[in-house]
$ cat data.txt   # compact mmCIF, C-alpha atoms and all ligand atoms
# COMPACT_ATOMS: atom_id res chain seq x y z
CA MET A 12 89.94 -56.34 23.96
CA THR A 13 91.53 -59.83 23.75
CA MET A 14 91.64 -61.69 27.06
CA ALA A 15 95.09 -63.10 27.86
CA LEU A 16 94.99 -66.87 27.91
CA ARG A 17 96.95 -68.96 30.39
CA PRO A 18 100.26 -70.14 28.96
CA LEU A 19 100.34 -73.84 28.07
CA LEU A 20 103.43 -76.04 27.75
CA VAL A 21 102.89 -79.50 26.29
CA GLY A 22 105.53 -82.20 25.96
CA ASN A 23 105.14 -84.98 23.42
CA TRP A 24 107.18 -88.08 24.16
CA LYS A 25 106.17 -89.73 20.86
CA MET A 26 107.23 -93.43 20.86
CA HIS A 27 109.79 -93.00 23.60
CA GLY A 28 109.85 -93.88 27.27
CA ASP A 29 109.09 -96.72 29.66
CA GLY A 30 108.79 -97.28 33.39
CA ARG A 31 112.44 -96.35 33.94
CA ASN A 32 111.58 -92.80 32.86
CA LEU A 33 108.98 -92.19 35.58
CA PRO A 34 111.48 -90.06 37.56
CA ILE A 35 111.64 -87.64 34.60
CA ILE A 36 107.86 -87.33 34.67
CA ALA A 37 107.94 -86.82 38.45
CA ALA A 38 110.58 -84.07 38.09
CA ILE A 39 108.45 -82.32 35.47
CA GLY A 40 105.40 -82.67 37.73
CA GLU A 41 107.27 -81.01 40.60
CA ALA A 42 108.42 -78.18 38.35
CA ALA A 43 104.85 -77.67 37.16
CA GLN A 44 103.71 -77.28 40.77
CA ARG A 45 106.34 -74.58 41.31
CA HIS A 46 105.07 -72.63 38.25
CA PRO A 47 101.33 -72.41 38.83
CA GLY A 48 100.88 -69.64 36.23
CA VAL A 49 101.61 -72.06 33.38
CA ASP A 50 99.54 -75.14 32.48
CA VAL A 51 101.87 -78.09 31.89
CA ALA A 52 100.96 -81.34 30.15
CA LEU A 53 102.85 -84.41 28.98
CA CYS A 54 101.51 -86.52 26.12
CA LEU A 55 102.88 -89.96 26.84
CA PRO A 56 102.83 -93.40 25.28
CA ALA A 57 99.55 -95.03 26.37
CA THR A 58 101.51 -97.59 28.42
CA LEU A 59 102.71 -94.87 30.81
CA ILE A 60 99.52 -92.87 31.31
CA ASP A 61 98.11 -94.54 34.41
CA ARG A 62 101.48 -94.75 36.17
CA ALA A 63 102.20 -91.09 35.39
CA ARG A 64 98.78 -90.08 36.67
CA ASP A 65 99.40 -91.95 39.93
CA ALA A 66 102.92 -90.55 40.32
CA CYS A 67 102.01 -86.92 39.50
CA PRO A 68 98.38 -86.18 40.34
CA GLY A 69 98.94 -82.45 39.64
CA LEU A 70 100.32 -82.87 36.12
CA THR A 71 98.03 -82.96 33.11
CA ILE A 72 98.59 -86.21 31.24
CA GLY A 73 97.67 -86.62 27.60
CA GLY A 74 97.53 -89.28 24.92
CA GLN A 75 99.00 -88.89 21.43
CA ASP A 76 96.05 -90.07 19.33
CA CYS A 77 92.64 -91.69 19.69
CA HIS A 78 90.21 -93.57 17.48
CA ALA A 79 87.09 -91.82 16.22
CA GLU A 80 84.82 -94.56 17.64
CA PRO A 81 84.23 -95.19 21.34
CA SER A 82 84.86 -98.95 20.94
CA GLY A 83 84.83 -101.63 18.26
CA ALA A 84 86.83 -104.07 16.16
CA HIS A 85 89.89 -101.86 15.64
CA THR A 86 92.94 -103.88 16.58
CA GLY A 87 95.75 -101.84 18.05
CA ASP A 88 93.74 -98.65 18.44
CA ILE A 89 92.75 -96.80 21.58
CA SER A 90 89.56 -94.82 22.15
CA ALA A 91 89.20 -91.41 23.76
CA LEU A 92 87.19 -93.01 26.57
CA MET A 93 90.02 -95.48 27.23
CA LEU A 94 92.53 -92.64 27.44
CA ARG A 95 90.24 -90.82 29.84
CA GLU A 96 89.79 -93.91 31.98
CA ALA A 97 93.58 -94.43 32.10
CA GLY A 98 94.04 -90.90 33.46
CA ALA A 99 94.48 -88.66 30.43
CA SER A 100 92.63 -85.38 30.25
CA LEU A 101 93.84 -84.28 26.83
CA VAL A 102 94.89 -85.77 23.54
CA LEU A 103 97.08 -84.64 20.65
CA LEU A 104 95.35 -85.02 17.31
CA GLY A 105 96.47 -84.53 13.73
CA HIS A 106 100.19 -84.62 14.45
CA SER A 107 102.13 -84.60 11.18
CA GLU A 108 103.67 -87.96 12.09
CA ARG A 109 100.15 -89.44 12.26
CA ARG A 110 99.25 -87.73 8.97
CA ARG A 111 102.47 -89.15 7.43
CA ASP A 112 102.69 -92.65 9.00
CA HIS A 113 98.97 -93.45 9.10
CA HIS A 114 97.75 -91.36 6.17
CA GLU A 115 95.35 -89.44 8.40
CA GLY A 116 93.36 -86.80 6.57
CA ASP A 117 91.40 -83.84 7.85
CA ALA A 118 88.00 -85.58 7.80
CA LEU A 119 89.25 -88.42 9.99
CA ILE A 120 90.97 -85.95 12.30
CA ALA A 121 87.71 -83.98 12.62
CA ALA A 122 85.93 -87.20 13.65
CA LYS A 123 88.62 -87.81 16.26
CA VAL A 124 88.24 -84.25 17.57
CA ARG A 125 84.50 -84.86 18.02
CA ALA A 126 85.16 -88.21 19.77
CA ALA A 127 87.72 -86.69 22.10
CA ARG A 128 85.47 -83.78 23.06
CA ALA A 129 82.52 -86.15 23.60
CA ALA A 130 84.72 -88.19 25.97
CA GLY A 131 85.61 -85.03 27.91
CA LEU A 132 89.19 -84.73 26.68
CA ASP A 133 90.81 -81.44 25.78
CA VAL A 134 92.40 -81.46 22.33
CA VAL A 135 95.69 -80.14 21.01
CA LEU A 136 95.20 -80.09 17.26
CA CYS A 137 98.41 -79.97 15.21
CA VAL A 138 98.58 -78.13 11.91
CA GLY A 139 101.48 -77.11 9.73
CA GLU A 140 102.82 -77.00 6.22
CA THR A 141 105.46 -79.21 4.61
CA ALA A 142 108.82 -77.91 3.37
CA GLU A 143 107.44 -77.99 -0.16
CA ASP A 144 104.39 -75.90 0.77
CA HIS A 145 106.60 -73.51 2.70
CA ALA A 146 108.96 -73.02 -0.25
CA ALA A 147 105.99 -72.42 -2.54
CA GLY A 148 104.53 -69.75 -0.23
CA ARG A 149 101.46 -71.87 0.52
CA SER A 150 101.84 -72.04 4.34
CA ALA A 151 98.89 -69.79 5.17
CA ASP A 152 96.52 -71.55 2.75
CA VAL A 153 97.52 -75.02 3.97
CA VAL A 154 97.14 -74.14 7.64
CA ARG A 155 93.81 -72.36 7.11
CA GLU A 156 92.45 -75.37 5.23
CA GLN A 157 93.70 -77.87 7.84
CA LEU A 158 92.11 -75.80 10.60
CA THR A 159 88.76 -75.47 8.89
CA ARG A 160 88.55 -79.10 7.86
CA SER A 161 90.09 -80.76 10.94
CA LEU A 162 88.18 -78.76 13.52
CA ALA A 163 84.82 -78.78 11.76
CA GLY A 164 83.58 -75.93 13.94
CA ALA A 165 85.08 -77.01 17.28
CA ASN A 166 86.48 -74.06 19.25
CA GLY A 167 86.78 -72.63 22.76
CA PRO A 168 88.89 -73.32 25.81
CA GLY A 169 88.98 -77.12 25.42
CA ILE A 170 90.92 -76.78 22.16
CA ALA A 171 94.50 -75.66 21.59
CA ILE A 172 96.10 -75.37 18.18
CA ALA A 173 99.75 -76.32 17.75
CA TYR A 174 101.35 -74.72 14.71
CA GLU A 175 104.07 -77.17 13.76
CA PRO A 176 105.72 -76.57 10.41
CA VAL A 177 106.66 -80.09 9.30
CA TRP A 178 110.08 -78.90 8.11
CA ALA A 179 110.92 -77.62 11.62
CA ILE A 180 110.17 -80.88 13.47
CA GLY A 181 112.99 -83.10 14.67
CA GLY A 182 115.89 -80.99 13.39
CA ASP A 183 117.44 -77.73 14.42
CA ARG A 184 115.66 -75.26 12.17
CA THR A 185 112.80 -73.04 13.32
CA PRO A 186 110.86 -70.27 11.61
CA GLU A 187 111.66 -66.70 12.54
CA PRO A 188 109.51 -65.44 15.45
CA THR A 189 107.86 -62.99 13.03
CA GLU A 190 106.78 -65.89 10.81
CA VAL A 191 105.32 -67.68 13.84
CA GLU A 192 103.54 -64.47 14.83
CA MET A 193 101.97 -64.22 11.39
CA MET A 194 100.71 -67.82 11.53
CA ALA A 195 99.45 -67.34 15.10
CA GLY A 196 97.48 -64.32 13.87
CA LEU A 197 96.00 -66.36 11.05
CA ILE A 198 94.98 -69.12 13.48
CA ARG A 199 93.47 -66.58 15.88
CA ASP A 200 91.48 -65.05 13.02
CA THR A 201 90.22 -68.49 11.93
CA VAL A 202 89.31 -70.07 15.30
CA SER A 203 88.05 -68.23 18.34
CA GLY A 204 88.99 -68.68 21.98
CA VAL A 205 91.76 -71.24 21.54
CA ARG A 206 95.31 -71.26 22.85
CA ILE A 207 97.99 -71.26 20.18
CA LEU A 208 101.21 -73.21 20.58
CA TYR A 209 104.30 -73.35 18.45
CA GLY A 210 106.08 -76.71 17.96
CA GLY A 211 109.21 -77.75 16.08
CA SER A 212 112.76 -77.87 17.50
CA VAL A 213 111.95 -75.71 20.53
CA THR A 214 114.87 -75.49 22.99
CA PRO A 215 115.67 -73.40 26.05
CA ASP A 216 117.90 -71.32 23.75
CA ASN A 217 115.40 -70.40 21.04
CA GLY A 218 112.29 -70.52 23.26
CA ALA A 219 112.58 -67.04 24.76
CA ALA A 220 112.48 -65.19 21.42
CA LEU A 221 109.72 -67.43 20.05
CA PHE A 222 107.60 -66.96 23.17
CA GLU A 223 108.23 -63.24 23.46
CA GLN A 224 107.77 -62.32 19.80
CA GLY A 225 105.76 -65.21 18.30
CA GLY A 226 102.30 -64.13 19.50
CA ILE A 227 101.75 -67.59 21.00
CA ASP A 228 100.41 -68.95 24.28
CA GLY A 229 102.97 -71.73 24.63
CA PHE A 230 104.83 -74.62 23.06
CA LEU A 231 104.47 -78.22 21.95
CA VAL A 232 107.88 -79.73 22.65
CA GLY A 233 109.18 -83.07 21.37
CA ARG A 234 112.77 -84.12 22.11
CA GLN A 235 113.42 -81.55 24.82
CA SER A 236 110.47 -82.87 26.85
CA LEU A 237 112.39 -86.13 27.43
CA ASP A 238 115.06 -84.14 29.25
CA ALA A 239 113.66 -82.86 32.55
CA GLY A 240 116.30 -80.12 32.80
CA ALA A 241 115.64 -78.74 29.32
CA PHE A 242 111.86 -78.94 29.70
CA LYS A 243 112.03 -77.16 33.05
CA ALA A 244 114.20 -74.45 31.47
CA ILE A 245 111.52 -73.88 28.79
CA LEU A 246 108.85 -73.76 31.50
CA THR A 247 110.90 -71.24 33.47
CA LEU A 248 111.33 -68.88 30.52
CA MET A 249 107.55 -68.95 29.91
CA PHE A 250 106.89 -68.26 33.58
CA ARG A 251 109.31 -65.34 33.64
CA GLN A 252 107.73 -63.72 30.62
CA HIS A 253 104.16 -64.23 31.76
O1 LIG B 301 105.14 -82.79 18.95
C1 LIG B 301 106.25 -82.27 18.95
C2 LIG B 301 106.87 -81.85 17.72
O2 LIG B 301 106.72 -82.75 16.69
C3 LIG B 301 108.22 -81.22 17.82
O3 LIG B 301 109.22 -82.18 18.01
P1 LIG B 301 110.71 -81.64 18.29
O4 LIG B 301 110.59 -80.66 19.42
O5 LIG B 301 111.48 -82.86 18.64
O6 LIG B 301 111.15 -80.99 17.02
$ encode --input "data.txt" --output "structure tokens" --more "lines below"
Ligand SMILES: O=C[C@H](O)COP(=O)(O)O
Amino acid sequence: MTMALRPLLVGNWKMHGDGRNLPIIAAIGEAAQRHPGVDVALCLPATLIDRARDACPGLTIGGQDCHAEPSGAHTGDISALMLREAGASLVLLGHSERRRDHHEGDALIAAKVRAARAAGLDVVLCVGETAEDHAAGRSADVVREQLTRSLAGANGPGIAIAYEPVWAIGGDRTPEPTEVEMMAGLIRDTVSGVRILYGGSVTPDNGAALFEQGGIDGFLVGRQSLDAGAFKAILTLMFRQH
């Protein structure tokens, strides 16, 4: 029998937000307290982590990337230990925007996963195929390979996998819930004991069907996490269905 895992809702603010947006974070923190059956996290720009931690002690705060080394001559980078010290307890790794903008490959991402776990951070590892791979019917192969190479054996409750088809991010297109369910099954068969999230253009409108039929444990939400009302609506639909 498969044990039900606690639902997890993660917001990713990407390179958005400054001190003026702390009230949004506080509103999300309050909503999270009212929905104790769902774990809620916000992955923020590093500049906001300590202020968000102070403003919302109950909310899980995450970073959006970390270096594979604990310290060193790496101008502009941030280590997992630094994120932890600032107040983060999880980190997103392998997001397709990091793979695209910084040419991150699976071996580097695996090293970052190891560094994050060694620093005591939970990890949300992002995987997903491009539009080209999707059109060619290679989604399952691509995701299986990314999982195997980027995780390098890491598994268990400190890891969540976000299935984010690259072609669904930042637009208004999502896969059918049945397609998400198939990929969630593949991920579950490849890695044990992890929570599985779907990410890519999630909204309060499409979230219910994806959550109900997608075989997932939650969402990784981009744009709609910058809008406290929309993010709370997604949280509410997960809570209702749990
Ligand atoms: O990390 C979040 C994803 O890239 C999804 O972003 P989006 O919800 O704006 O499409």
$ residues_near_ligand --input "data.txt" --ligand "ligand LIG 301 (chain B)" --cutoff "7 Å" --atoms "all atoms listed in the file" --output "count of residues only"
16
$ residues_around --input "data.txt" --residues "Arg110 (chain A)" --least-positions-apart "5" --cutoff "12 Å" --atoms "only C-alpha atoms" --output "list in words"
Asp76, Leu104, Gly105, Glu115, Gly116, Asp117, Ala118, Leu119, Ile120, Leu136, Cys137, Val138, Gly139, Glu140, Thr141, Gln157, Ser161 and Val177 of chain A
$ residues_near_point --input "data.txt" --point "(99.9, -72.4, 29.3)" --cutoff "10 Å" --atoms "all atoms listed in the file" --output "PyMOL selection string"
chain A and resi 16-21+47-52+171+206-208+227-230+246+249-250+253
$ residues_near_point --input "data.txt" --point "(98.1, -72.0, 5.2)" --cutoff "10 Å" --atoms "all atoms listed in the file" --output "PyMOL selection string"
chain A and resi 138-140+144-145+148-158+194+197-198
$ residues_around --input "data.txt" --residues "Val134 (chain A)" --least-positions-apart "2" --cutoff "8 Å" --atoms "all atoms listed in the file" --output "number ranges by chain"
A: 101-104, 124, 127-128, 132, 136, 169-171
$ write_last_selection --input "data.txt" --atoms "C-alpha atoms" --output "PDB file, keeping the file's coordinate frame"
ATOM      1  CA  LEU A 101      93.840 -84.280  26.830  1.00  0.00           C
ATOM      2  CA  VAL A 102      94.890 -85.770  23.540  1.00  0.00           C
ATOM      3  CA  LEU A 103      97.080 -84.640  20.650  1.00  0.00           C
ATOM      4  CA  LEU A 104      95.350 -85.020  17.310  1.00  0.00           C
ATOM      5  CA  VAL A 124      88.240 -84.250  17.570  1.00  0.00           C
ATOM      6  CA  ALA A 127      87.720 -86.690  22.100  1.00  0.00           C
ATOM      7  CA  ARG A 128      85.470 -83.780  23.060  1.00  0.00           C
ATOM      8  CA  LEU A 132      89.190 -84.730  26.680  1.00  0.00           C
ATOM      9  CA  LEU A 136      95.200 -80.090  17.260  1.00  0.00           C
ATOM     10  CA  GLY A 169      88.980 -77.120  25.420  1.00  0.00           C
ATOM     11  CA  ILE A 170      90.920 -76.780  22.160  1.00  0.00           C
ATOM     12  CA  ALA A 171      94.500 -75.660  21.590  1.00  0.00           C
TER      13      ALA A 171
END
$ closest_residue --input "data.txt" --among "A:Cys54, A:Ala91, A:Leu221, A:Ala37" --to "Pro68 (chain A)" --atoms "all atoms listed in the file"
A:Ala37
$ closest_residue --input "data.txt" --among "A:Ser100, A:Thr159, A:Asn166, A:Gln224" --to "Leu70 (chain A)" --atoms "all atoms listed in the file"
A:Ser100
$ build_atoms --input "data.txt" --residues "region 112-129 of chain A" --atoms "N, CA and C atoms" --output "compact mmCIF listing (two decimals), in the frame of the given file"
# COMPACT_ATOMS: atom_id res chain seq x y z
N ASP A 112 102.53 -91.20 8.81
CA ASP A 112 102.69 -92.65 9.00
C ASP A 112 101.39 -93.41 8.83
N HIS A 113 100.27 -92.75 9.12
CA HIS A 113 98.97 -93.45 9.10
C HIS A 113 98.01 -92.83 8.11
N HIS A 114 98.54 -91.96 7.26
CA HIS A 114 97.75 -91.36 6.17
C HIS A 114 96.47 -90.72 6.69
N GLU A 115 96.55 -90.07 7.84
CA GLU A 115 95.35 -89.44 8.40
C GLU A 115 95.04 -88.15 7.65
N GLY A 116 93.80 -88.01 7.25
CA GLY A 116 93.36 -86.80 6.57
C GLY A 116 92.48 -85.97 7.49
N ASP A 117 92.13 -84.78 7.00
CA ASP A 117 91.40 -83.84 7.85
C ASP A 117 90.03 -84.35 8.28
N ALA A 118 89.34 -85.11 7.42
CA ALA A 118 88.00 -85.58 7.80
C ALA A 118 88.09 -86.57 8.96
N LEU A 119 89.07 -87.46 8.90
CA LEU A 119 89.25 -88.42 9.99
C LEU A 119 89.65 -87.67 11.27
N ILE A 120 90.53 -86.71 11.13
CA ILE A 120 90.97 -85.95 12.30
C ILE A 120 89.77 -85.21 12.93
N ALA A 121 88.90 -84.66 12.09
CA ALA A 121 87.71 -83.98 12.62
C ALA A 121 86.84 -84.96 13.41
N ALA A 122 86.73 -86.19 12.92
CA ALA A 122 85.93 -87.20 13.65
C ALA A 122 86.59 -87.52 14.99
N LYS A 123 87.91 -87.54 15.00
CA LYS A 123 88.62 -87.81 16.26
C LYS A 123 88.44 -86.64 17.24
N VAL A 124 88.46 -85.42 16.70
CA VAL A 124 88.24 -84.25 17.57
C VAL A 124 86.87 -84.38 18.24
N ARG A 125 85.86 -84.73 17.45
CA ARG A 125 84.50 -84.86 18.02
C ARG A 125 84.48 -85.96 19.08
N ALA A 126 85.15 -87.09 18.80
CA ALA A 126 85.16 -88.21 19.77
C ALA A 126 85.86 -87.80 21.05
N ALA A 127 86.96 -87.09 20.91
CA ALA A 127 87.72 -86.69 22.10
C ALA A 127 86.90 -85.72 22.95
N ARG A 128 86.26 -84.75 22.31
CA ARG A 128 85.47 -83.78 23.06
C ARG A 128 84.28 -84.47 23.73
N ALA A 129 83.67 -85.42 23.01
CA ALA A 129 82.52 -86.15 23.60
C ALA A 129 82.95 -86.95 24.82
